[in-house]
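Student: What follows is structure12.txt, compact mmCIF, C-alpha atoms.
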# COMPACT_ATOMS: atom_id res chain seq x y z
CA MET A 1 125.65 78.39 61.98
CA ALA A 2 125.26 74.62 61.76
CA GLN A 3 121.76 73.24 62.13
CA LEU A 4 121.14 71.91 65.64
CA ASP A 5 118.18 70.04 67.02
CA THR A 6 116.18 71.44 69.93
CA ARG A 7 117.94 69.29 72.52
CA ALA A 8 121.38 70.49 71.39
CA LYS A 9 120.24 74.11 71.39
CA LEU A 10 118.79 73.73 74.86
CA GLU A 11 122.03 72.25 76.16
CA ILE A 12 124.06 75.18 74.83
CA LEU A 13 121.68 78.01 75.68
CA ALA A 14 120.71 76.78 79.15
CA ASP A 15 124.38 76.41 80.02
CA ALA A 16 125.11 79.90 78.69
CA ALA A 17 122.38 81.38 80.92
CA LYS A 18 123.89 80.07 84.17
CA TYR A 19 126.04 83.19 84.64
CA ASP A 20 122.99 85.38 85.21
CA ALA A 21 122.14 85.43 88.92
CA SER A 22 119.22 87.87 88.82
CA CYS A 23 116.45 85.29 88.98
CA ALA A 24 113.63 85.58 91.52
CA SER A 25 109.85 85.79 91.50
CA SER A 26 109.24 87.55 94.80
CA GLY A 27 106.72 90.34 94.53
CA THR A 28 104.78 89.13 91.52
CA VAL A 29 100.99 89.17 91.42
CA LYS A 30 98.93 86.00 91.69
CA ARG A 31 97.35 84.66 88.51
CA SER A 32 95.50 81.41 89.08
CA SER A 33 94.27 78.93 86.48
CA ARG A 34 91.76 77.32 88.87
CA ASP A 35 88.98 78.96 86.92
CA GLY A 36 89.74 76.52 84.09
CA LYS A 37 91.10 79.25 81.85
CA GLY A 38 94.72 79.74 80.93
CA ILE A 39 97.89 77.82 81.72
CA GLY A 40 100.09 78.12 84.78
CA SER A 41 100.08 80.15 87.96
CA THR A 42 102.45 82.48 89.77
CA ASP A 43 100.99 81.52 93.15
CA ALA A 44 104.27 79.79 94.06
CA GLY A 45 105.53 81.63 97.16
CA MET A 46 108.91 83.31 97.49
CA GLY A 47 111.71 82.39 95.11
CA ILE A 48 111.98 80.66 91.78
CA CYS A 49 114.65 79.05 89.57
CA HIS A 50 115.53 76.05 91.74
CA ALA A 51 114.76 77.90 94.97
CA TYR A 52 112.58 76.90 97.90
CA ALA A 53 109.23 78.38 98.84
CA PRO A 54 108.41 79.08 102.52
CA ASP A 55 106.45 75.82 102.69
CA GLY A 56 109.48 73.83 101.49
CA ARG A 57 108.46 73.33 97.86
CA CYS A 58 111.20 73.54 95.25
CA ILE A 59 110.07 75.79 92.41
CA SER A 60 111.93 76.42 89.20
CA LEU A 61 111.81 78.06 85.81
CA LEU A 62 113.20 77.52 82.38
CA LYS A 63 116.29 79.73 82.30
CA ILE A 64 117.74 80.12 78.83
CA LEU A 65 119.18 82.54 76.30
CA LEU A 66 117.39 83.24 73.06
CA THR A 67 120.85 83.11 71.50
CA ASN A 68 124.45 83.12 72.70
CA SER A 69 125.62 84.88 69.55
CA CYS A 70 126.44 88.55 70.13
CA ILE A 71 127.67 91.52 68.16
CA PHE A 72 129.23 93.02 71.33
CA ASP A 73 132.67 92.11 72.62
CA CYS A 74 132.43 92.59 76.40
CA HIS A 75 135.68 91.24 77.83
CA TYR A 76 134.08 89.44 80.79
CA CYS A 77 131.37 87.65 78.79
CA ILE A 78 131.85 84.09 77.58
CA ASN A 79 129.42 84.82 74.73
CA ARG A 80 131.28 87.87 73.45
CA LYS A 81 131.82 88.23 69.70
CA SER A 82 135.45 87.07 69.83
CA SER A 83 134.81 84.08 72.10
CA ASN A 84 135.38 80.60 70.70
CA VAL A 85 132.21 78.88 71.90
CA ARG A 86 129.52 76.80 70.22
CA ARG A 87 126.75 79.09 69.06
CA ALA A 88 123.05 78.37 68.97
CA ARG A 89 119.83 80.28 68.48
CA PHE A 90 116.20 79.66 69.30
CA THR A 91 113.34 81.18 67.39
CA ALA A 92 110.63 82.87 69.44
CA GLU A 93 108.26 80.03 68.52
CA GLU A 94 110.73 77.42 69.80
CA VAL A 95 111.05 79.15 73.19
CA VAL A 96 107.27 79.34 73.50
CA ARG A 97 106.92 75.66 72.63
CA LEU A 98 109.64 74.65 75.10
CA THR A 99 108.13 76.71 77.91
CA LEU A 100 104.68 75.20 77.46
CA SER A 101 106.06 71.69 77.07
CA PHE A 102 108.18 71.97 80.24
CA TYR A 103 105.28 73.45 82.17
CA ARG A 104 102.88 70.68 81.15
CA ARG A 105 105.45 68.12 82.34
CA ASN A 106 105.57 69.95 85.69
CA TYR A 107 109.28 70.75 85.25
CA ILE A 108 108.88 74.52 85.63
CA GLU A 109 106.56 77.25 86.80
CA GLY A 110 107.85 80.03 84.60
CA LEU A 111 110.46 81.41 82.21
CA PHE A 112 113.61 83.48 82.57
CA LEU A 113 114.72 84.71 79.15
CA SER A 114 117.84 86.63 78.25
CA SER A 115 119.85 86.89 75.06
CA GLY A 116 123.01 87.90 73.34
CA ILE A 117 122.54 90.65 70.77
CA ILE A 118 122.13 89.43 67.23
CA GLY A 119 121.51 91.71 64.26
CA SER A 120 120.73 94.75 66.39
CA SER A 121 119.48 95.64 69.85
CA ASN A 122 116.01 96.40 68.49
CA TYR A 123 115.74 93.16 66.51
CA THR A 124 116.79 91.08 69.52
CA MET A 125 114.42 92.92 71.83
CA GLU A 126 111.57 92.36 69.35
CA GLN A 127 112.19 88.59 69.53
CA ILE A 128 112.27 88.60 73.34
CA VAL A 129 109.00 90.56 73.50
CA GLU A 130 107.41 88.23 70.94
CA VAL A 131 108.09 85.23 73.20
CA ALA A 132 106.32 86.87 76.13
CA ARG A 133 103.49 88.22 73.97
CA SER A 134 102.80 84.83 72.43
CA LEU A 135 102.80 83.08 75.80
CA ARG A 136 100.38 85.60 77.30
CA GLU A 137 98.07 86.34 74.38
CA ASP A 138 98.18 83.23 72.17
CA HIS A 139 98.38 80.63 74.96
CA ASP A 140 97.00 82.53 77.98
CA PHE A 141 100.07 81.52 79.98
CA ARG A 142 99.75 82.73 83.58
CA GLY A 143 103.08 81.53 84.93
CA TYR A 144 105.98 83.76 85.89
CA ILE A 145 107.96 85.52 83.16
CA HIS A 146 111.21 87.38 83.78
CA LEU A 147 112.75 89.16 80.78
CA LYS A 148 116.28 90.51 80.57
CA THR A 149 116.08 93.64 78.45
CA ILE A 150 118.62 95.40 76.26
CA PRO A 151 119.17 99.01 77.31
CA ASP A 152 120.08 100.23 73.81
CA ALA A 153 116.76 99.00 72.40
CA ASP A 154 113.94 101.39 71.55
CA PRO A 155 112.16 102.49 74.78
CA GLU A 156 108.83 101.40 73.31
CA LEU A 157 110.11 97.83 72.98
CA ILE A 158 111.31 97.82 76.57
CA HIS A 159 107.90 99.19 77.60
CA GLN A 160 106.18 96.35 75.73
CA ALA A 161 108.34 93.87 77.62
CA GLY A 162 106.99 95.27 80.88
CA MET A 163 103.42 94.78 79.68
CA PHE A 164 103.93 91.01 79.37
CA ALA A 165 106.58 90.19 81.99
CA ASP A 166 106.29 89.91 85.75
CA ARG A 167 109.80 91.21 86.26
CA ILE A 168 112.26 93.13 84.10
CA SER A 169 116.04 93.11 84.47
CA ILE A 170 118.52 95.59 83.05
CA ASN A 171 122.06 94.72 84.09
CA VAL A 172 124.40 97.54 85.07
CA GLU A 173 127.19 94.96 84.54
CA LEU A 174 129.99 96.72 86.43
CA PRO A 175 129.97 99.01 89.49
CA THR A 176 131.82 101.95 87.94
CA ALA A 177 131.56 103.87 84.70
CA SER A 178 135.32 103.53 84.17
CA GLY A 179 135.12 99.75 84.57
CA LEU A 180 132.25 99.57 82.10
CA LYS A 181 134.14 101.69 79.56
CA ARG A 182 137.22 99.50 79.89
CA LEU A 183 135.56 96.07 79.82
CA ALA A 184 132.35 96.70 77.83
CA PRO A 185 133.17 99.57 75.45
CA GLU A 186 129.93 99.19 73.44
CA LYS A 187 127.82 99.85 76.55
CA THR A 188 127.39 103.11 78.43
CA GLN A 189 126.19 103.90 81.92
CA GLU A 190 123.95 106.62 80.49
CA SER A 191 121.99 104.23 78.25
CA ILE A 192 121.65 101.64 81.01
CA GLU A 193 120.42 104.14 83.58
CA GLY A 194 118.16 105.80 81.03
CA ALA A 195 116.41 102.48 80.37
CA MET A 196 116.14 101.79 84.10
CA ALA A 197 114.65 105.24 84.72
CA GLY A 198 112.06 104.73 82.00
CA MET A 199 111.08 101.37 83.46
CA SER A 200 110.89 102.81 86.98
CA ASP A 201 108.61 105.63 85.84
CA ALA A 202 106.33 103.20 84.01
CA ILE A 203 106.06 100.91 87.06
CA ILE A 204 105.18 103.86 89.31
CA ASP A 205 102.66 105.28 86.84
CA THR A 206 100.92 101.94 86.40
CA ALA A 207 100.77 101.31 90.14
CA ASP A 208 99.20 104.74 90.59
CA ALA A 209 96.69 104.06 87.81
CA LYS A 210 95.74 100.75 89.44
CA LYS A 211 94.69 102.64 92.56
CA HIS A 212 92.09 104.55 90.56
CA TYR A 213 91.13 102.16 87.75
CA LYS A 214 90.83 98.41 88.18
CA SER A 215 91.03 98.00 84.42
CA ALA A 216 94.46 99.66 84.21
CA PRO A 217 96.94 97.30 82.51
CA ARG A 218 99.45 95.44 84.65
CA PHE A 219 103.07 96.40 84.16
CA ALA A 220 106.05 94.43 85.54
CA PRO A 221 104.27 93.85 88.88
CA ALA A 222 107.38 92.22 90.39
CA GLY A 223 109.42 95.32 89.55
CA GLN A 224 112.90 95.47 88.10
CA SER A 225 116.24 94.12 89.22
CA THR A 226 119.83 94.34 88.10
CA GLN A 227 123.15 92.54 88.43
CA MET A 228 126.75 93.60 89.01
CA ILE A 229 129.84 91.55 88.31
CA VAL A 230 132.20 91.47 91.29
CA GLY A 231 135.95 91.16 90.90
CA ALA A 232 136.34 91.77 87.17
CA ASP A 233 137.58 95.33 87.71
CA ALA A 234 139.24 97.30 90.48
CA ALA A 235 136.02 98.41 92.20
CA THR A 236 136.13 97.94 95.98
CA ASP A 237 133.28 96.63 98.11
CA ARG A 238 132.74 100.21 99.30
CA ASP A 239 132.29 101.27 95.64
CA ILE A 240 129.84 98.43 95.06
CA VAL A 241 127.76 99.17 98.16
CA SER A 242 127.61 102.85 97.20
CA ARG A 243 126.53 101.98 93.65
CA ALA A 244 123.85 99.57 94.88
CA ALA A 245 122.46 102.18 97.28
CA ASN A 246 122.28 104.71 94.45
CA LEU A 247 120.43 102.22 92.23
CA TYR A 248 117.90 101.40 94.95
CA GLY A 249 117.30 105.07 95.63
CA SER A 250 117.17 106.27 92.03
CA PHE A 251 115.23 103.48 90.32
CA ASN A 252 113.26 101.80 93.11
CA LEU A 253 114.80 98.40 92.34
CA LYS A 254 113.52 95.22 93.94
CA ARG A 255 116.93 93.57 94.04
CA VAL A 256 120.56 94.12 93.16
CA TYR A 257 122.28 90.81 92.47
CA TYR A 258 126.01 90.24 92.77
CA SER A 259 127.86 87.74 90.62
CA ALA A 260 131.47 86.86 91.41
CA PHE A 261 133.59 87.09 88.27
CA SER A 262 134.52 83.65 86.98
CA PRO A 263 137.48 83.24 84.59
CA ILE A 264 136.30 82.08 81.18
CA PRO A 265 137.97 80.12 78.37
CA ASP A 266 140.13 82.21 76.02
CA ALA A 267 139.86 85.09 78.46
CA SER A 268 140.83 88.63 77.49
CA ALA A 269 144.23 89.78 78.70
CA VAL A 270 142.66 92.71 80.57
CA LEU A 271 140.79 90.41 82.95
CA PRO A 272 142.17 89.14 86.27
CA LEU A 273 143.61 85.64 86.19
CA GLN A 274 141.96 84.59 89.45
CA ARG A 275 138.35 84.74 90.53
CA PRO A 276 137.53 86.64 93.72
CA PRO A 277 136.65 84.56 96.78
CA LEU A 278 133.01 83.51 96.68
CA MET A 279 132.82 84.73 100.27
CA ARG A 280 133.23 88.26 98.91
CA GLU A 281 130.01 87.86 96.94
CA HIS A 282 128.32 86.53 100.09
CA ARG A 283 129.49 89.50 102.17
CA LEU A 284 128.06 91.87 99.57
CA TYR A 285 124.69 90.16 99.78
CA GLN A 286 124.85 90.51 103.58
CA SER A 287 125.69 94.20 103.18
CA ASP A 288 122.76 94.58 100.80
CA TRP A 289 120.52 92.91 103.38
CA LEU A 290 121.60 95.43 106.04
CA MET A 291 120.45 98.32 103.85
CA ARG A 292 117.19 96.70 102.79
CA PHE A 293 115.97 95.16 106.04
CA TYR A 294 118.10 96.39 108.95
CA GLU A 295 117.76 100.16 108.46
CA TYR A 296 121.49 100.76 107.88
CA GLN A 297 122.37 103.78 105.81
CA PRO A 298 124.75 103.17 102.87
CA GLY A 299 127.50 105.12 104.64
CA GLU A 300 127.15 102.92 107.71
CA VAL A 301 127.49 99.75 105.66
CA ALA A 302 130.49 101.18 103.83
CA ALA A 303 132.03 102.05 107.20
CA ALA A 304 132.20 98.33 108.00
CA ALA A 305 134.82 97.90 105.25
CA ASP A 306 138.54 97.93 106.01
CA ASP A 307 140.99 100.68 105.09
CA ASN A 308 141.18 99.29 101.54
CA GLY A 309 137.42 99.51 101.08
CA MET A 310 136.88 95.73 101.29
CA MET A 311 134.53 93.79 103.54
CA ARG A 312 136.20 91.41 105.95
CA LEU A 313 135.90 87.82 104.83
CA ASP A 314 136.29 86.26 108.29
CA ILE A 315 133.29 87.98 109.90
CA ASP A 316 130.01 89.35 108.54
CA PRO A 317 129.52 93.10 107.92
CA LYS A 318 127.12 93.52 110.82
CA LEU A 319 129.66 92.18 113.32
CA ALA A 320 132.43 94.19 111.63
CA TRP A 321 130.37 97.37 112.06
CA ALA A 322 129.68 96.58 115.72
CA LEU A 323 133.36 96.03 116.46
CA LYS A 324 134.27 99.25 114.66
CA PHE A 325 131.69 101.26 116.63
CA ARG A 326 131.97 99.63 120.03
CA GLY A 327 130.81 102.77 121.77
CA CYS A 328 127.27 101.99 120.61
CA PHE A 329 127.22 98.81 122.71
CA PRO A 330 126.07 97.14 124.85
CA VAL A 331 122.41 97.74 123.99
CA ASP A 332 119.74 97.40 126.67
CA VAL A 333 117.14 94.98 125.32
CA ASN A 334 114.52 96.37 127.69
CA LYS A 335 114.90 100.01 126.65
CA ALA A 336 116.65 100.32 123.28
CA PRO A 337 114.64 101.38 120.19
CA ARG A 338 114.16 98.97 117.31
CA GLU A 339 116.86 100.54 115.13
CA MET A 340 119.52 99.85 117.79
CA LEU A 341 118.34 96.31 118.46
CA LEU A 342 118.67 95.63 114.73
CA ARG A 343 122.36 96.50 115.02
CA VAL A 344 123.07 93.79 117.60
CA PRO A 345 125.03 90.98 115.88
CA GLY A 346 123.01 87.79 116.02
CA LEU A 347 119.60 89.45 116.24
CA GLY A 348 117.51 89.13 113.10
CA THR A 349 114.42 91.13 112.26
CA ARG A 350 112.07 88.45 113.60
CA ALA A 351 113.99 88.15 116.87
CA VAL A 352 113.90 91.93 117.31
CA ASP A 353 110.15 92.02 116.76
CA LYS A 354 109.70 89.20 119.31
CA ILE A 355 111.80 91.11 121.85
CA LEU A 356 109.76 94.28 121.34
CA ALA A 357 106.53 92.35 121.82
CA ALA A 358 107.76 90.39 124.83
CA ARG A 359 109.17 93.37 126.74
CA ARG A 360 105.77 95.08 126.77
CA GLY A 361 104.64 92.62 129.39
CA ARG A 362 107.78 91.98 131.46
CA THR A 363 111.44 92.80 131.96
CA LEU A 364 113.59 90.45 129.88
CA SER A 365 116.45 88.39 131.30
CA LEU A 366 119.31 86.76 129.38
CA ALA A 367 117.41 83.46 129.48
CA ASP A 368 114.41 85.18 127.89
CA ILE A 369 116.62 86.46 125.06
CA GLY A 370 118.01 82.95 124.63
CA ARG A 371 114.51 81.68 123.97
CA LEU A 372 113.86 84.38 121.39
CA THR A 373 117.03 84.00 119.34
CA SER A 374 118.95 81.10 117.88
CA SER A 375 122.45 82.22 118.97
CA ILE A 376 122.71 83.59 122.48
CA SER A 377 126.51 83.24 122.44
CA LYS A 378 126.73 85.71 119.55
CA VAL A 379 124.40 88.35 120.98
CA ARG A 380 125.52 88.16 124.63
CA PRO A 381 128.60 90.45 124.31
CA PHE A 382 126.48 93.21 122.76
CA LEU A 383 123.47 93.54 125.02
CA VAL A 384 122.30 94.26 128.55
CA ALA A 385 119.46 92.30 130.15
CA SER A 386 117.89 92.48 133.60
CA ASP A 387 120.44 89.98 134.95
CA TRP A 388 123.31 90.43 132.51
CA ARG A 389 125.93 93.04 131.65
CA PRO A 390 128.90 92.01 129.50
CA ILE A 391 132.55 92.87 129.95
CA ALA A 392 133.97 95.66 127.80
CA LEU A 393 133.97 94.81 124.10
CA SER A 394 137.55 95.99 123.87
CA ASP A 395 138.57 92.86 125.76
CA GLN A 396 136.88 90.64 123.15
CA ALA A 397 136.96 87.84 125.71
CA ASP A 398 133.35 86.86 125.12
CA LEU A 399 133.15 87.27 121.35
CA PRO A 400 132.32 84.16 119.28
CA LEU A 401 135.27 83.07 117.18
CA PRO A 402 134.68 82.90 113.42
CA LYS A 403 134.44 79.41 112.01
CA PRO A 404 137.38 78.25 109.89
CA ALA A 405 136.80 78.89 106.21
CA ALA A 406 135.57 75.87 104.27
CA LYS A 407 137.27 74.84 101.06
CA GLN A 408 135.91 76.98 98.24
CA MET A 409 133.88 75.05 95.70
CA GLU A 410 133.80 75.72 91.99
CA LEU A 411 130.91 78.02 91.13
CA PHE A 412 129.81 76.03 88.09
CA ALA A 413 131.55 72.69 88.62
For this file, write the structure as structure tokens.
Tutor:
Amino acid sequence: MAQLDTRAKLEILADAAKYDASCASSGTVKRSSRDGKGIGSTDAGMGICHAYAPDGRCISLLKILLTNSCIFDCHYCINRKSSNVRRARFTAEEVVRLTLSFYRRNYIEGLFLSSGIIGSSNYTMEQIVEVARSLREDHDFRGYIHLKTIPDADPELIHQAGMFADRISINVELPTASGLKRLAPEKTQESIEGAMAGMSDAIIDTADAKKHYKSAPRFAPAGQSTQMIVGADAATDRDIVSRAANLYGSFNLKRVYYSAFSPIPDASAVLPLQRPPLMREHRLYQSDWLMRFYEYQPGEVAAAADDNGMMRLDIDPKLAWALKFRGCFPVDVNKAPREMLLRVPGLGTRAVDKILAARRGRTLSLADIGRLTSSISKVRPFLVASDWRPIALSDQADLPLPKPAAKQMELFA
């Protein structure tokens, strides 16, 4: 490998990291440096990696690979062994130095570190852990650290990663075992899920210990997340929703991220020639939201898909479900329980909570609902108020028309 300076390495390895979507800091513990000790703070609100906090601040992290060299040959990965790309590699010391330098210049508030596999899974994992260890122990760094772990690595190394990181990610890569076997033959669903199970158990054990002993060590306080590639194999949206629900239930994940497959240079012949619509990725995130915050069961979300198992692209899954189960509507805003109000298209969780609070003191009219929600035209066909009852949904005369699709932009233009 030709010798490259730090700037050249950063250009290559930051660009190579852009395909990983599983970047967020929500749920981490606060570590302040106001006491004059240590560097950095995770007291940055929701979101990280060029996201916005609730107070409007843009917060970001250094998102890089340790190396884009890899001994694996996953068909969908631009950094696979057979790919013709420029290779680069940071040492653990270089990543530590970059992180501290960027933080002191107020460019970042943390680090997201992933890597291709070089030498062996254990060797690579040792280098990743060393970065986090050095930041925490040698430099007392208190900013956010998110480590992407390697499932084939020794469980003790993965456990050490959790001792230093705020969040741990282990990517399941593809929704089905058959897709993984076909496109990533060196990886197995068993090893991935085994690593996730070990991490889940450690997080639960540590949280339980914290309840009894204040001195118990912290362990991945922001939990673990994972990522699935969408559109690289034949998995339907129904398959993906079912897989996500299983992951949430089995491993207590904080987030499942979805990344639309993007054709890569010198692509393998087994990959599709076209990327899936980015709207498909968006619909999957909306479906995920329904399970996590709107009390939908996985089977209910899957029921919103069409006969081919795909989510409609022209309307969101919540509206698709409502149209498919019209017998559940209209819902009386003055009598319906919370779980049914959450199923009304156009009503978010905050609007539902406001309705529940408001109706304790008076009977709500359509105008009252209009003041509590941002889109009365969307909710009106699905609810009953003291002065309003819609026409039958089967007529669809009062349904809001979907907006025309905007021109799709390149994901990484």
Student: Contacts of segment 81-86 of chain A at 7 Å or less, counting all atoms listed in the file, minus same-chain residues fewer than 3 places along, as a PyMOL selection string?
Tutor: chain A and resi 70-73+78+266
Student: For Arg389 of chain A, which of A:Val333, A:Val95, A:Leu271, A:Ile203 is the closest residue, counting all atoms listed in the file?
Tutor: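 Ranking A:Val333, A:Val95, A:Leu271, A:Ile203 by distance to Arg389 of chain A, first place goes to A:Val333.
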Student: Dump as a list of chain:residue names all residues having an atom at most 8 Å from (113.9, 93.7, 127.5), computed in the file's coordinates with all atoms listed in the file.
Tutor: A:Asp332, A:Val333, A:Asn334, A:Lys335, A:Ile355, A:Leu356, A:Ala358, A:Arg359, A:Arg362, A:Thr363, A:Leu364, A:Ser365, A:Ala385, A:Ser386
Student: Restricted to C-alpha atoms, what would the selected residues look like written as a PDB file, in the frame of the given file?
Tutor:
ATOM      1  CA  ASP A 332     119.740  97.400 126.670  1.00  0.00           C
ATOM      2  CA  VAL A 333     117.140  94.980 125.320  1.00  0.00           C
ATOM      3  CA  ASN A 334     114.520  96.370 127.690  1.00  0.00           C
ATOM      4  CA  LYS A 335     114.900 100.010 126.650  1.00  0.00           C
ATOM      5  CA  ILE A 355     111.800  91.110 121.850  1.00  0.00           C
ATOM      6  CA  LEU A 356     109.760  94.280 121.340  1.00  0.00           C
ATOM      7  CA  ALA A 358     107.760  90.390 124.830  1.00  0.00           C
ATOM      8  CA  ARG A 359     109.170  93.370 126.740  1.00  0.00           C
ATOM      9  CA  ARG A 362     107.780  91.980 131.460  1.00  0.00           C
ATOM     10  CA  THR A 363     111.440  92.800 131.960  1.00  0.00           C
ATOM     11  CA  LEU A 364     113.590  90.450 129.880  1.00  0.00           C
ATOM     12  CA  SER A 365     116.450  88.390 131.300  1.00  0.00           C
ATOM     13  CA  ALA A 385     119.460  92.300 130.150  1.00  0.00           C
ATOM     14  CA  SER A 386     117.890  92.480 133.600  1.00  0.00           C
TER      15      SER A 386
END
Student: Give the padded box for segment 153-156 of chain A as lines of an AutoDock Vina configuration file: axis-aligned, covering all atoms listed in the file, 3 Å on each side, centre and edge lengths in Å to one decimal.
Tutor:
center_x = 112.8
center_y = 100.7
center_z = 73.2
size_x = 13.9
size_y = 9.5
size_z = 9.2
Student: Using only C-alpha atoms, which residue out of A:Gln3, A:Thr226, A:Thr67, A:Ser60 lies closest to Ala16 of chain A?
Tutor: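 That would be A:Thr67, the residue with the smallest distance to Ala16 of chain A.
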Student: What is the atom CA of Glu93 of chain A to atom CA of Arg167 of chain A distance in Å?
Tutor: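 We find that atom CA of Glu93 of chain A and atom CA of Arg167 of chain A lie 21.0 Å from each other.
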Student: Can you pull out the residues contacting Pro277 of chain A? Cut-off 9 Å, using only C-alpha atoms, and skip same-chain residues under 4 positions away; I want them as a VMD selection string.
Tutor: chain A and resid 231 260 281 313 408
Student: What's the separation between atom CA of Ala209 of chain A and atom CA of Ile150 of chain A, in Å to one decimal place?
Tutor: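 About the pair atom CA of Ala209 of chain A and atom CA of Ile150 of chain A: they are 26.3 Å apart.
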Student: As an exercise, work out the distance from atom CA of Val241 of chain A to atom CA of Pro337 of chain A in Å and give it to one decimal place.
Tutor: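 Interatomic distance here is 25.7 Å.
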Student: Which residues are near Thr99 of chain A? Cut-off 8 Å, all atoms listed in the file, ignore same chain within fewer than 3 positions. Put them as a ChimeraX atom specification.
Tutor: /A:62,95-96,102-103,110-111
Student: Suppose we keep C-alpha atoms; can you now write the selection as a JSON list (two decimals), in the coordinates of the input?
Tutor:
[["chain", "number", "residue", "atom", "x", "y", "z"],
["A", 62, "LEU", "CA", 113.20, 77.52, 82.38],
["A", 95, "VAL", "CA", 111.05, 79.15, 73.19],
["A", 96, "VAL", "CA", 107.27, 79.34, 73.50],
["A", 102, "PHE", "CA", 108.18, 71.97, 80.24],
["A", 103, "TYR", "CA", 105.28, 73.45, 82.17],
["A", 110, "GLY", "CA", 107.85, 80.03, 84.60],
["A", 111, "LEU", "CA", 110.46, 81.41, 82.21]]
Student: Skip Ile192 of chain A itself and residues of its chain fewer than 5 positions away, then list as a ChimeraX atom specification all residues within 12 Å of it, counting only C-alpha atoms.
Tutor: /A:149-153,155,158,169-174,177,180,186-187,197-199,226-227,247,251
Student: Go through A:Ser262, A:Ser114, A:Ser268, A:Ser225 and flag the residue nearest Ala184 of chain A, using all atoms listed in the file for the distances.
Tutor: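 Between A:Ser262, A:Ser114, A:Ser268, A:Ser225, the residue approaching Ala184 of chain A most closely is A:Ser268.
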Student: Hey, which of A:Pro298, A:Gly194, A:Pro330, A:Pro345 ends up closest to Ile315 of chain A? Count only C-alpha atoms.
Tutor: A:Pro345
Student: With distances taken over all atoms listed in the file, which of A:Val230, A:Leu319, A:Val344, A:Ala245 is nearest to Leu278 of chain A?
Tutor: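 Checking each candidate against Leu278 of chain A, we get A:Val230 as the closest.
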Student: Would you kindly identify which residues have an atom no farther than 12 Å from (100.6, 91.9, 76.3), using all atoms listed in the file and the file's own coordinates, and write them out as a list in words?
Tutor: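 Applying the cut-off with all atoms listed in the file, one gets Val129, Glu130, Val131, Ala132, Arg133, Ser134, Leu135, Arg136, Glu137, Asp138, His139, Asp140, Phe141, Arg142, Ile145, Leu157, His159, Gln160, Ala161, Gly162, Met163, Phe164, Ala165, Asp166, Pro217, Arg218, Phe219 and Ala220 of chain A.
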Student: Tell me which of A:Thr124, A:Thr176, A:Ser377, A:Thr6 sits closest to Arg238 of chain A, counting all atoms listed in the file.
Tutor: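 The shortest atom-to-atom distance to Arg238 of chain A comes from A:Thr176.
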Student: Tell me, as number ranges by chain, which residues lie within 8 Å of Ile128 of chain A, counting all atoms listed in the file; anything in the same chain fewer than 5 positions away does not count.
Tutor: A: 66, 92, 113-115, 147, 161
Student: From the structure block, carefully write segment 357-382 of chain A out with C-alpha atoms; format it as an mmCIF file, in the first residue's frame.
Tutor:
data_model
loop_
_atom_site.group_PDB
_atom_site.id
_atom_site.type_symbol
_atom_site.label_atom_id
_atom_site.label_comp_id
_atom_site.auth_asym_id
_atom_site.auth_seq_id
_atom_site.Cartn_x
_atom_site.Cartn_y
_atom_site.Cartn_z
ATOM 1 C CA ALA A 357 -55.772 15.902 27.890
ATOM 2 C CA ALA A 358 -58.196 18.342 26.283
ATOM 3 C CA ARG A 359 -61.201 16.007 26.236
ATOM 4 C CA ARG A 360 -61.062 15.578 30.019
ATOM 5 C CA GLY A 361 -62.472 19.052 30.379
ATOM 6 C CA ARG A 362 -64.843 19.399 27.409
ATOM 7 C CA THR A 363 -66.327 17.728 24.363
ATOM 8 C CA LEU A 364 -64.112 18.339 21.332
ATOM 9 C CA SER A 365 -65.367 19.774 18.049
ATOM 10 C CA LEU A 366 -63.680 19.597 14.643
ATOM 11 C CA ALA A 367 -62.333 23.115 15.198
ATOM 12 C CA ASP A 368 -60.770 21.962 18.474
ATOM 13 C CA ILE A 369 -59.025 19.106 16.659
ATOM 14 C CA GLY A 370 -57.806 21.578 14.046
ATOM 15 C CA ARG A 371 -56.052 23.544 16.770
ATOM 16 C CA LEU A 372 -54.387 20.425 18.147
ATOM 17 C CA THR A 373 -53.039 19.006 14.889
ATOM 18 C CA SER A 374 -51.175 20.414 11.927
ATOM 19 C CA SER A 375 -53.263 18.740 9.183
ATOM 20 C CA ILE A 376 -57.003 18.758 9.745
ATOM 21 C CA SER A 377 -57.646 17.867 6.094
ATOM 22 C CA LYS A 378 -55.807 14.566 6.548
ATOM 23 C CA VAL A 379 -57.473 13.514 9.794
ATOM 24 C CA ARG A 380 -61.031 14.677 8.999
ATOM 25 C CA PRO A 381 -62.102 11.601 6.957
ATOM 26 C CA PHE A 382 -61.097 9.263 9.800
#
